[in-house]
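**Student:** So here's input34.csv (CSV, C-alpha atoms).
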chain,number,residue,atom,x,y,z
A,1,MET,CA,0.0,0.0,0.0
A,2,ARG,CA,1.2,3.5,-0.9
A,3,VAL,CA,1.5,5.9,2.0
A,4,VAL,CA,1.7,9.7,1.9
A,5,VAL,CA,2.6,11.6,5.1
A,6,VAL,CA,1.1,15.1,5.4
A,7,SER,CA,2.5,17.2,8.2
A,8,GLY,CA,2.1,20.8,9.2
A,9,LEU,CA,1.7,23.2,12.1
A,10,HIS,CA,-1.3,24.9,10.3
A,11,ARG,CA,-4.3,22.6,10.9
A,12,ALA,CA,-6.7,24.0,8.3
A,13,ALA,CA,-4.1,23.9,5.5
A,14,ARG,CA,-3.1,20.4,6.5
A,15,ALA,CA,-6.7,19.2,6.4
A,16,ARG,CA,-7.4,20.8,3.0
A,17,THR,CA,-4.3,19.0,1.6
A,18,VAL,CA,-5.5,15.7,3.0
A,19,ASN,CA,-9.0,16.2,1.6
A,20,GLU,CA,-7.6,17.0,-1.8
A,21,LEU,CA,-5.6,13.7,-1.8
A,22,ILE,CA,-8.3,11.4,-0.7
A,23,THR,CA,-10.8,13.0,-3.1
A,24,ALA,CA,-8.5,12.7,-6.1
A,25,VAL,CA,-7.2,9.2,-5.5
A,26,PRO,CA,-9.8,6.4,-5.7
A,27,GLY,CA,-9.6,3.8,-2.9
A,28,SER,CA,-7.7,6.1,-0.5
A,29,VAL,CA,-8.2,6.5,3.2
A,30,ALA,CA,-6.7,9.0,5.8
A,31,VAL,CA,-5.5,8.2,9.3
A,32,HIS,CA,-5.0,10.9,12.0
A,33,HIS,CA,-4.0,10.7,15.6
A,34,ASP,CA,-5.6,13.6,17.6
A,35,PHE,CA,-3.3,14.7,20.5
A,36,ASP,CA,-5.6,17.6,21.6
A,37,ARG,CA,-6.3,15.9,24.9
A,38,ILE,CA,-3.0,14.1,25.5
A,39,GLY,CA,-2.5,16.1,28.7
A,40,GLU,CA,-5.6,14.3,30.0
A,41,GLY,CA,-4.2,10.9,29.0
A,42,VAL,CA,-6.4,10.6,25.9
A,43,VAL,CA,-5.4,10.1,22.2
A,44,HIS,CA,-7.9,9.4,19.5
A,45,ARG,CA,-7.4,7.8,16.1
A,46,LEU,CA,-9.7,9.0,13.3
A,47,THR,CA,-9.9,7.0,10.0
A,48,ARG,CA,-11.8,8.6,7.2
A,49,ASP,CA,-12.3,8.4,3.4
A,50,ARG,CA,-13.7,10.9,0.9
A,51,TRP,CA,-17.3,10.4,2.2
A,52,GLY,CA,-16.5,10.9,5.9
A,53,PRO,CA,-15.4,9.0,9.1
A,54,VAL,CA,-14.8,5.3,8.9
A,55,ASP,CA,-13.6,4.7,12.4
A,56,HIS,CA,-13.1,6.9,15.5
A,57,SER,CA,-11.3,5.1,18.4
A,58,GLN,CA,-9.5,5.9,21.6
A,59,VAL,CA,-6.0,4.6,21.6
A,60,GLU,CA,-4.6,2.7,24.6
A,61,LEU,CA,-0.9,3.4,25.1
A,62,ASP,CA,1.7,2.5,27.7
A,63,HIS,CA,3.2,6.0,27.5
A,64,LEU,CA,1.5,9.0,26.1
A,65,CYS,CA,3.9,10.6,23.6
A,66,ALA,CA,4.2,10.9,19.8
A,67,SER,CA,6.9,8.2,19.5
A,68,CYS,CA,4.9,5.7,21.4
A,69,THR,CA,1.8,6.4,19.3
A,70,LEU,CA,3.8,5.9,16.2
A,71,ARG,CA,5.3,2.6,17.3
A,72,GLU,CA,2.3,1.1,19.1
A,73,ASP,CA,-0.6,2.2,17.0
A,74,LEU,CA,0.1,4.0,13.7
A,75,VAL,CA,2.3,1.4,12.1
A,76,PRO,CA,0.1,-1.6,13.2
A,77,THR,CA,-2.9,0.4,11.8
A,78,LEU,CA,-1.3,0.8,8.5
A,79,LEU,CA,-0.3,-2.9,8.3
A,80,ARG,CA,-3.9,-3.9,9.0
A,81,LEU,CA,-5.2,-1.6,6.3
A,82,THR,CA,-2.6,-3.1,3.9
A,83,GLU,CA,-3.8,-6.7,4.8
A,84,SER,CA,-7.4,-5.8,4.1
A,85,GLY,CA,-6.6,-5.0,0.5
A,86,GLU,CA,-9.3,-2.4,0.3
A,87,HIS,CA,-7.1,0.7,-0.1
A,88,THR,CA,-4.5,1.7,-2.7
A,89,LEU,CA,-3.4,4.8,-0.7
A,90,CYS,CA,-3.3,5.8,2.9
A,91,VAL,CA,-2.7,9.4,3.8
A,92,VAL,CA,-1.2,9.8,7.3
A,93,GLU,CA,-2.2,13.2,8.7
A,94,THR,CA,0.2,14.1,11.5
A,95,TRP,CA,-0.7,16.4,14.4
A,96,GLU,CA,0.6,20.0,14.7
A,97,GLY,CA,3.6,19.3,16.9
A,98,VAL,CA,4.8,16.2,15.1
A,99,GLU,CA,7.8,16.4,12.7
A,100,PRO,CA,7.5,14.3,9.6
A,101,ARG,CA,10.9,12.6,9.8
A,102,SER,CA,10.0,10.2,12.5
A,103,VAL,CA,6.8,9.2,10.8
A,104,ALA,CA,8.6,8.7,7.4
A,105,ASP,CA,11.3,6.6,9.0
A,106,ALA,CA,8.8,4.3,10.6
A,107,VAL,CA,6.7,3.9,7.4
A,108,ALA,CA,9.7,3.3,5.2
A,109,SER,CA,11.1,0.6,7.5
A,110,GLU,CA,8.1,-1.6,6.8
A,111,PRO,CA,8.5,-3.8,3.6
A,112,ALA,CA,4.7,-4.0,3.2
A,113,LEU,CA,4.4,-0.2,3.0
A,114,ARG,CA,5.6,2.1,0.2
A,115,LEU,CA,6.3,5.6,1.3
A,116,ALA,CA,5.3,7.5,-1.8
A,117,SER,CA,5.6,11.1,-0.7
A,118,VAL,CA,6.0,13.5,2.3
A,119,ILE,CA,4.1,16.7,2.1
A,120,THR,CA,4.0,19.7,4.5
A,121,ALA,CA,1.0,22.0,4.3
A,122,VAL,CA,1.5,25.7,5.1
A,123,ASP,CA,-0.8,28.7,5.5
A,124,SER,CA,0.7,31.7,3.7
A,125,GLU,CA,-0.7,34.2,6.3
A,126,ARG,CA,0.7,32.4,9.3
A,127,LEU,CA,4.1,31.3,7.9
A,128,LEU,CA,6.2,34.4,8.7
A,129,PRO,CA,4.7,35.1,12.2
A,130,ASP,CA,5.3,31.6,13.3
A,131,LEU,CA,8.9,31.5,12.0
A,132,ALA,CA,9.6,34.9,13.6
A,133,GLY,CA,7.7,34.2,16.9
A,134,HIS,CA,9.1,33.3,20.3
A,135,ASP,CA,6.4,30.8,21.5
A,136,ASP,CA,7.3,27.3,22.8
A,137,LEU,CA,5.0,24.5,21.8
A,138,CYS,CA,3.7,24.3,25.3
A,139,ASP,CA,2.6,28.0,25.1
A,140,ARG,CA,0.1,26.9,22.5
A,141,GLY,CA,-0.8,23.5,24.0
A,142,LEU,CA,1.0,21.7,21.2
A,143,ASP,CA,3.7,19.8,23.2
A,144,ILE,CA,3.5,16.1,22.5
A,145,ALA,CA,5.5,14.6,25.4
A,146,VAL,CA,6.5,15.4,29.0
A,147,GLU,CA,9.2,18.2,28.9
A,148,ASP,CA,8.8,18.9,25.2
A,149,GLU,CA,10.8,22.1,25.1
A,150,ARG,CA,10.8,22.7,21.3
A,151,THR,CA,9.8,26.0,19.9
A,152,VAL,CA,7.1,26.7,17.3
A,153,ALA,CA,9.7,28.1,14.9
A,154,GLU,CA,11.9,25.0,15.3
A,155,VAL,CA,9.1,22.6,14.6
A,156,LEU,CA,7.8,24.6,11.6
A,157,ALA,CA,11.3,24.8,10.1
A,158,HIS,CA,11.8,21.1,10.4
A,159,GLN,CA,8.4,20.4,8.8
A,160,ILE,CA,9.3,22.7,5.9
A,161,GLU,CA,12.9,21.5,5.3
A,162,TYR,CA,12.3,17.8,5.3
A,163,PRO,CA,9.8,17.0,2.6
A,164,THR,CA,10.0,17.2,-1.2
A,165,VAL,CA,6.5,18.8,-1.6
A,166,LEU,CA,5.2,21.9,0.2
A,167,ALA,CA,1.5,22.6,-0.2
A,168,LEU,CA,1.0,26.4,0.1
A,169,HIS,CA,-2.6,27.6,1.0
A,170,GLY,CA,-3.9,31.1,1.3
A,171,ASP,CA,-3.8,34.3,-0.8
A,172,LEU,CA,-2.4,36.8,1.7
A,173,TYR,CA,1.4,37.2,1.4
A,174,ARG,CA,1.5,34.3,-1.0
A,175,ASP,CA,4.6,35.5,-3.0
A,176,GLU,CA,6.6,36.2,0.1
A,177,ALA,CA,5.6,32.9,1.6
A,178,ARG,CA,6.5,31.0,-1.5
A,179,SER,CA,10.0,32.6,-1.6
A,180,LEU,CA,10.5,31.7,2.1
A,181,LEU,CA,9.6,28.1,1.4
A,182,GLU,CA,11.9,27.9,-1.6
A,183,HIS,CA,14.8,29.4,0.4
A,184,LEU,CA,14.3,27.1,3.3
A,185,ASN,CA,13.9,24.0,1.2
A,186,PRO,CA,15.3,24.4,-2.4
A,187,ALA,CA,14.8,20.7,-3.0
A,188,ALA,CA,11.0,20.9,-2.6
A,189,LEU,CA,8.2,21.6,-5.1
A,190,VAL,CA,5.9,24.4,-3.9
A,191,ALA,CA,2.4,23.4,-4.9
A,192,PHE,CA,-0.9,25.4,-4.7
A,193,PRO,CA,-4.4,23.9,-4.1
A,194,ASP,CA,-5.8,21.9,-7.0
A,195,ALA,CA,-2.3,21.5,-8.4
A,196,GLY,CA,-2.6,17.8,-9.0
A,197,LEU,CA,-1.1,16.5,-5.8
A,198,ALA,CA,-2.4,13.0,-6.7
A,199,ASP,CA,0.3,12.7,-9.3
A,200,LEU,CA,2.9,12.9,-6.5
A,201,THR,CA,1.6,9.8,-4.8
A,202,ARG,CA,3.1,7.4,-7.4
A,203,GLY,CA,6.7,7.9,-6.5
A,204,ARG,CA,8.9,6.9,-3.6
A,205,PHE,CA,10.3,9.0,-0.8
A,206,ASP,CA,13.8,8.2,0.4
A,207,PRO,CA,14.3,9.2,4.1
A,208,GLU,CA,18.0,8.5,4.1
A,209,HIS,CA,18.5,11.0,1.2
A,210,ALA,CA,16.4,13.6,3.0
A,211,ALA,CA,18.4,13.2,6.2
A,212,ASN,CA,21.7,13.5,4.4
A,213,ARG,CA,20.4,16.6,2.5
A,214,LEU,CA,19.6,18.3,5.8
A,215,ASN,CA,22.6,17.5,7.9
A,216,PRO,CA,24.3,20.8,8.6
A,217,ALA,CA,27.6,19.0,9.3
A,218,TRP,CA,28.0,18.5,5.5
A,219,ALA,CA,25.1,20.3,3.7
A,220,GLN,CA,26.0,22.7,1.0
A,221,TYR,CA,24.2,26.1,1.0
A,222,SER,CA,24.1,28.8,-1.7
A,223,ASP,CA,23.1,32.5,-1.9
A,224,ARG,CA,19.6,33.5,-3.1
A,225,HIS,CA,17.8,36.8,-3.2
A,226,ASP,CA,14.1,37.2,-4.2
A,227,ALA,CA,12.5,40.6,-3.4
A,228,ARG,CA,12.5,40.9,0.4
A,229,VAL,CA,13.6,37.3,1.1
A,230,ARG,CA,17.3,36.6,1.1
A,231,THR,CA,19.6,33.7,1.9
A,232,LEU,CA,23.2,34.7,2.6
A,233,THR,CA,25.9,32.0,2.7
A,234,TRP,CA,29.1,32.9,4.5
A,235,THR,CA,32.1,30.7,3.8
A,236,ARG,CA,35.6,31.3,5.1
A,237,LYS,CA,38.8,29.2,5.5
A,238,ARG,CA,40.0,30.9,8.7
A,239,PRO,CA,39.0,30.0,12.3
A,240,LEU,CA,36.9,32.2,14.6
A,241,HIS,CA,38.3,33.9,17.6
A,242,PRO,CA,36.4,32.4,20.5
A,243,ALA,CA,36.1,35.5,22.7
A,244,ARG,CA,35.1,37.9,19.8
A,245,PHE,CA,32.7,35.3,18.5
A,246,HIS,CA,31.1,34.8,21.9
A,247,GLU,CA,30.6,38.6,22.3
A,248,ALA,CA,28.9,38.9,18.8
A,249,LEU,CA,26.9,35.7,19.1
A,250,GLU,CA,23.6,37.3,20.1
A,251,HIS,CA,23.6,39.7,17.2
A,252,ILE,CA,24.6,37.0,14.7
A,253,VAL,CA,21.8,34.7,15.7
A,254,ALA,CA,19.2,37.5,15.6
A,255,ALA,CA,20.2,38.5,12.1
A,256,GLY,CA,17.9,35.9,10.3
A,257,LEU,CA,14.8,33.8,10.8
A,258,ARG,CA,16.7,30.6,10.2
A,259,SER,CA,20.5,29.9,10.1
A,260,ARG,CA,22.3,26.6,9.8
A,261,GLY,CA,25.7,25.2,9.0
A,262,ARG,CA,29.1,24.4,10.5
A,263,ILE,CA,31.9,26.5,12.1
A,264,TRP,CA,35.6,26.2,12.9
A,265,LEU,CA,36.6,27.7,16.2
A,266,ALA,CA,40.2,28.5,17.0
A,267,GLY,CA,41.6,26.3,19.7
A,268,ARG,CA,39.4,23.4,18.5
A,269,ALA,CA,41.2,22.5,15.4
A,270,ASP,CA,39.8,18.9,15.3
A,271,THR,CA,36.2,19.6,16.1
A,272,LEU,CA,33.4,20.5,13.6
A,273,LEU,CA,30.8,22.6,15.4
A,274,VAL,CA,27.2,22.3,14.1
A,275,TRP,CA,25.2,25.6,14.0
A,276,ASP,CA,21.4,25.3,14.1
A,277,ALA,CA,19.4,28.4,14.8
A,278,TYR,CA,15.6,29.1,14.7
A,279,ASN,CA,14.8,32.8,15.0
A,280,ASP,CA,16.8,33.8,18.2
A,281,ALA,CA,17.3,30.2,19.6
A,282,LEU,CA,20.6,28.6,18.8
A,283,LEU,CA,21.9,25.1,19.2
A,284,LEU,CA,25.7,24.9,18.9
A,285,GLU,CA,27.2,21.4,19.4
A,286,SER,CA,29.9,19.1,18.4
A,287,GLY,CA,29.4,17.4,15.0
A,288,GLY,CA,32.4,15.2,15.5
A,289,PRO,CA,35.9,15.6,14.0
A,290,TRP,CA,36.7,17.3,10.7
A,291,LEU,CA,37.6,14.6,8.2
A,292,ASP,CA,41.1,16.1,7.9
A,293,ALA,CA,41.6,15.3,11.6
A,294,LEU,CA,40.7,11.6,11.2
A,295,PRO,CA,43.4,8.9,10.6
A,296,GLU,CA,43.2,7.4,7.2
A,297,ALA,CA,42.0,4.0,8.5
A,298,ALA,CA,38.8,5.7,10.0
A,299,MET,CA,37.7,7.1,6.6
A,300,GLU,CA,36.0,3.8,5.7
A,301,MET,CA,33.5,4.4,8.5
A,302,VAL,CA,32.5,7.8,7.2
A,303,SER,CA,29.3,8.1,5.2
A,304,GLU,CA,29.6,8.7,1.4
A,305,SER,CA,27.7,12.0,1.7
A,306,ARG,CA,30.1,13.3,4.3
A,307,ARG,CA,33.1,12.3,2.2
A,308,ALA,CA,31.7,13.9,-0.9
A,309,CYS,CA,31.0,17.2,1.0
A,310,ALA,CA,34.6,17.2,2.4
A,311,GLN,CA,36.0,16.7,-1.1
A,312,LEU,CA,34.0,19.8,-2.3
A,313,ASP,CA,35.4,21.8,0.7
A,314,TRP,CA,38.9,20.5,0.6
A,315,ASP,CA,41.8,23.0,0.8
A,316,PRO,CA,45.5,21.8,0.8
A,317,ALA,CA,46.3,23.9,3.8
A,318,VAL,CA,43.3,23.4,6.2
A,319,GLY,CA,41.6,20.3,4.7
A,320,ASP,CA,37.8,20.5,5.1
A,321,ARG,CA,37.9,23.0,8.0
A,322,ARG,CA,35.9,26.1,7.2
A,323,GLN,CA,33.0,28.4,8.2
A,324,HIS,CA,29.9,27.6,6.2
A,325,LEU,CA,26.7,29.2,7.4
A,326,ALA,CA,23.5,30.1,5.7
A,327,PHE,CA,21.2,32.8,7.0
A,328,THR,CA,17.7,33.2,5.7
A,329,GLY,CA,15.5,36.2,6.5
A,330,VAL,CA,13.2,38.9,5.3
A,331,ASP,CA,15.0,42.3,4.7
A,332,LEU,CA,18.2,40.7,5.8
A,333,ASP,CA,21.1,43.2,6.2
A,334,ALA,CA,23.7,41.1,4.4
A,335,GLU,CA,26.4,43.7,4.3
A,336,ARG,CA,26.2,44.3,8.1
A,337,LEU,CA,26.0,40.6,8.9
A,338,VAL,CA,29.1,39.7,6.7
A,339,ALA,CA,31.1,42.5,8.4
A,340,LEU,CA,30.1,41.2,11.9
A,341,LEU,CA,31.0,37.6,11.0
A,342,ASP,CA,34.3,38.7,9.4
A,343,SER,CA,35.2,40.7,12.5
A,344,CYS,CA,35.1,37.4,14.5
A,345,LEU,CA,37.8,35.7,12.4
A,346,LEU,CA,41.4,35.5,13.6
A,347,THR,CA,43.6,38.2,12.2
A,348,ASP,CA,46.9,37.5,10.5
A,349,ASP,CA,48.8,38.3,13.8
A,350,GLU,CA,46.5,36.2,15.9
A,351,ALA,CA,46.7,33.2,13.6
A,352,GLY,CA,50.3,32.7,14.8
A,353,GLU,CA,49.6,33.0,18.5
A,354,PRO,CA,48.2,30.4,20.9
A,355,LEU,CA,44.7,31.1,22.4
A,356,HIS,CA,44.3,30.8,26.2
A,357,SER,CA,40.6,31.4,26.6
A,358,ASP,CA,37.6,29.6,25.2
A,359,PRO,CA,34.1,30.8,26.3
A,360,PHE,CA,32.5,27.7,24.9
A,361,ALA,CA,34.7,25.2,26.8
A,362,ASP,CA,32.1,24.5,29.5
A,363,ALA,CA,29.1,24.4,27.1
A,364,LEU,CA,30.5,21.9,24.6
For the structure just supplied, provide its representation as structure tokens.
**Tutor:**
Amino acid sequence: MRVVVVSGLHRAARARTVNELITAVPGSVAVHHDFDRIGEGVVHRLTRDRWGPVDHSQVELDHLCASCTLREDLVPTLLRLTESGEHTLCVVETWEGVEPRSVADAVASEPALRLASVITAVDSERLLPDLAGHDDLCDRGLDIAVEDERTVAEVLAHQIEYPTVLALHGDLYRDEARSLLEHLNPAALVAFPDAGLADLTRGRFDPEHAANRLNPAWAQYSDRHDARVRTLTWTRKRPLHPARFHEALEHIVAAGLRSRGRIWLAGRADTLLVWDAYNDALLLESGGPWLDALPEAAMEMVSESRRACAQLDWDPAVGDRRQHLAFTGVDLDAERLVALLDSCLLTDDEAGEPLHSDPFADAL
């Protein structure tokens, strides 16, 4: 049985996308787990076709969280639908706070299921406010597990960047929204309502390829500028001065709606640092060693994607070490941002002197 995963923070846009699919594809059915009352210990599973509800059941789970629901109920439900032989397509409609990657991985791991496509539905009017906002999921009642500390901007960014199809609904700010989607996920097709989404249910989605494409430890970003929306890619082959970088960090993070990539910090010559920022929230952590720091015998254990990226970045003097950051925003002041980032690099004089302080030592 073919399976399409439809995700999205914007409930009405997501529902319209699901309705379009099950109406256009004969023999299709949709499955949705409703987490609205998960705080009360209640999760419901709704199954429907083009004519309306087929089944509405409360789900019994050992632990109330999205991953448990996925493992204990969604996959078994899909397998039962497959065994019945009544449906050619099942559309899995996720809940607002669920990211599509975990669902796609679970579906693709089952030989009886064929993951045909992953689609995220977006409301053009809500896109920019949600990417630029400061709400946590729990502020909106969208957290899906105990101590779910993700932000709305983080979840929406993940929902947009993972799939190969983005269904854009709404007329307000449509052009700006489309540009934002294309900047955040250049690999995706941006489709409008009634654009023939049914044709996209005949392919096959590769979760491994999607994960490799997104990994900031080796992803390759490029510049783009469309009206008010801009993506600036900053690449340098010189390390950052830890103290100056630490002082400028708040201003750097605040420069864009979304930034991602990898950095090279002086005093940490062997460690690739992954940069992942959503609005003004930054995750900066070790991404393992630069490939140039690995012994030759260890190269066989490195993924093909990582080796290919390192080859593109390779410099005879510094290997694959470099700064490679992409900043996407509306009305982004690129000149000011580049000047700020460049001011954090080691000078010629500093490059020959040992560094004695590292503000990140305790955090990493």
**Student:** Find, counting all atoms listed in the file, the residue in A:Cys90, A:Leu61, A:Val318, A:Leu70 that gets nearest to A:Val6.
**Tutor:**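 Using all atoms listed in the file, A:Val6 sits closest to A:Cys90.
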**Student:** Applying 10 Å and all atoms listed in the file, which residues near A:Arg126 remain after dropping the ones on its own chain fewer than 3 positions away? List them as a list in words.
**Tutor:**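 That gives Leu9, His10, Val122, Asp123, Pro129, Asp130, Leu131, Gly170, Leu172, Tyr173 and Ala177 of chain A.
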**Student:** If we count only C-alpha atoms, what is near A:Leu273 at a cut-off of 12 Å, once residues fewer than 5 positions away on the same chain are taken out, given as a PyMOL selection string?
**Tutor:** chain A and resi 216-218+239-240+260-266+268+283-290+321-325+360+363-364
**Student:** From the options A:Leu249, A:Leu345, A:Ala351, A:Ala191, which residue's atoms come nearest to A:Ala281, counting all atoms listed in the file?
**Tutor:**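 Of A:Leu249, A:Leu345, A:Ala351, A:Ala191, the one nearest A:Ala281 is A:Leu249, counting all atoms listed in the file.
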**Student:** Measuring between only C-alpha atoms, which one of A:Thr94, A:Ser57, A:Leu78, A:Ala104 shows the shortest distance to A:Ala116?
**Tutor:** A:Ala104
**Student:** What does the structure give for the distance between atom CA of A:Asp49 and atom CA of A:Ala30, in Å to one decimal?
**Tutor:**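 Result for atom CA of A:Asp49 versus atom CA of A:Ala30: 6.1 Å, one decimal.
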**Student:** Just how far from atom CA of A:Asp280 is atom CA of A:Leu346, in Å to one decimal?
**Tutor:**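 Between atom CA of A:Leu346 and atom CA of A:Asp280 the gap works out to 25.1 Å.
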**Student:** Out of A:Glu83, A:Asp73, A:Asp34, A:Asp55, which residue has the shortest atom-to-atom distance to A:Glu96 when counting all atoms listed in the file?
**Tutor:**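 Closest candidate: A:Asp34.
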**Student:** Do you have the atom CA of A:His225-atom CA of A:Arg174 distance handy?
**Tutor:** 16.6 Å
**Student:** Could you name the residues that touch A:Tyr278 at 10 Å or less, counting only C-alpha atoms, but leaving out those on the same chain fewer than 2 positions away, as a PyMOL selection string?
**Tutor:** chain A and resi 131-134+151-158+253-254+256-260+276+280-283
**Student:** My list of candidates is A:Arg306, A:His246, A:Arg48, A:Arg80. Which is closest to A:Leu340 when distances are computed with all atoms listed in the file?
**Tutor:**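 Using all atoms listed in the file, the shortest distance to A:Leu340 belongs to A:His246.
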**Student:** Which residues come within 10 Å of A:Leu341, counting all atoms listed in the file, excluding same-chain residues fewer than 3 positions away, as a list in words?
**Tutor:**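 With the cut-off at 10 Å, the set is Trp234, Arg236, Leu240, Arg244, Phe245, Ala248, Leu249, His251, Ile252, Gln323, Arg336, Leu337, Val338, Cys344 and Leu345 of chain A.
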**Student:** Would you write out those residues with C-alpha atoms, as a tab-separated table (two decimals), in the frame of the given file?
**Tutor:**
chain	number	residue	atom	x	y	z
A	234	TRP	CA	29.10	32.90	4.50
A	236	ARG	CA	35.60	31.30	5.10
A	240	LEU	CA	36.90	32.20	14.60
A	244	ARG	CA	35.10	37.90	19.80
A	245	PHE	CA	32.70	35.30	18.50
A	248	ALA	CA	28.90	38.90	18.80
A	249	LEU	CA	26.90	35.70	19.10
A	251	HIS	CA	23.60	39.70	17.20
A	252	ILE	CA	24.60	37.00	14.70
A	323	GLN	CA	33.00	28.40	8.20
A	336	ARG	CA	26.20	44.30	8.10
A	337	LEU	CA	26.00	40.60	8.90
A	338	VAL	CA	29.10	39.70	6.70
A	344	CYS	CA	35.10	37.40	14.50
A	345	LEU	CA	37.80	35.70	12.40
**Student:** Kindly indicate which residue among A:His33, A:Arg307, A:Gly41, A:Ala326 lies nearest to A:His56, using all atoms listed in the file for the distances.
**Tutor:**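 With all atoms listed in the file as the atom set, the closest residue is A:His33.
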**Student:** Near A:Thr88, counting all atoms listed in the file, which residues have an atom at most 12 Å away, once you skip same-chain residues fewer than 6 positions from it, shown as a list of chain:residue names?
**Tutor:**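 Once the adjacent positions are removed, what remains is A:Met1, A:Arg2, A:Val3, A:Val4, A:Ile22, A:Val25, A:Pro26, A:Gly27, A:Ser28, A:Val29, A:Ala30, A:Asp49, A:Leu78, A:Leu81, A:Thr82, A:Leu113, A:Arg114, A:Ala116, A:Thr201, A:Arg202.
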**Student:** Compute the distance from (11.5, 27.8, 0.1) to each atom, counting only C-alpha atoms, keep the residues with any atom at most 12 Å away, and return them as an MDAnalysis selection string; use the coordinates of the file.
**Tutor:** chainID A and resid 120 122 127 157 159:168 174:191 224:226 229:231 258 328:329
**Student:** Export stretch 89-119 of chain A from the structure block above, keeping C-alpha atoms, as an mmCIF file, in the first residue's frame.
**Tutor:**
data_model
loop_
_atom_site.group_PDB
_atom_site.id
_atom_site.type_symbol
_atom_site.label_atom_id
_atom_site.label_comp_id
_atom_site.auth_asym_id
_atom_site.auth_seq_id
_atom_site.Cartn_x
_atom_site.Cartn_y
_atom_site.Cartn_z
ATOM 1 C CA LEU A 89 -3.376 4.768 -0.720
ATOM 2 C CA CYS A 90 -3.308 5.799 2.936
ATOM 3 C CA VAL A 91 -2.715 9.449 3.830
ATOM 4 C CA VAL A 92 -1.187 9.807 7.290
ATOM 5 C CA GLU A 93 -2.171 13.207 8.667
ATOM 6 C CA THR A 94 0.170 14.113 11.522
ATOM 7 C CA TRP A 95 -0.663 16.401 14.434
ATOM 8 C CA GLU A 96 0.608 19.998 14.698
ATOM 9 C CA GLY A 97 3.628 19.325 16.910
ATOM 10 C CA VAL A 98 4.780 16.185 15.088
ATOM 11 C CA GLU A 99 7.759 16.406 12.732
ATOM 12 C CA PRO A 100 7.512 14.291 9.571
ATOM 13 C CA ARG A 101 10.912 12.632 9.762
ATOM 14 C CA SER A 102 10.047 10.165 12.537
ATOM 15 C CA VAL A 103 6.832 9.161 10.770
ATOM 16 C CA ALA A 104 8.591 8.740 7.422
ATOM 17 C CA ASP A 105 11.346 6.592 8.969
ATOM 18 C CA ALA A 106 8.786 4.293 10.610
ATOM 19 C CA VAL A 107 6.732 3.864 7.444
ATOM 20 C CA ALA A 108 9.749 3.316 5.191
ATOM 21 C CA SER A 109 11.103 0.599 7.510
ATOM 22 C CA GLU A 110 8.077 -1.649 6.814
ATOM 23 C CA PRO A 111 8.460 -3.760 3.632
ATOM 24 C CA ALA A 112 4.670 -4.013 3.231
ATOM 25 C CA LEU A 113 4.373 -0.226 2.972
ATOM 26 C CA ARG A 114 5.610 2.055 0.211
ATOM 27 C CA LEU A 115 6.326 5.614 1.337
ATOM 28 C CA ALA A 116 5.305 7.507 -1.776
ATOM 29 C CA SER A 117 5.644 11.120 -0.657
ATOM 30 C CA VAL A 118 6.043 13.481 2.305
ATOM 31 C CA ILE A 119 4.090 16.735 2.083
#
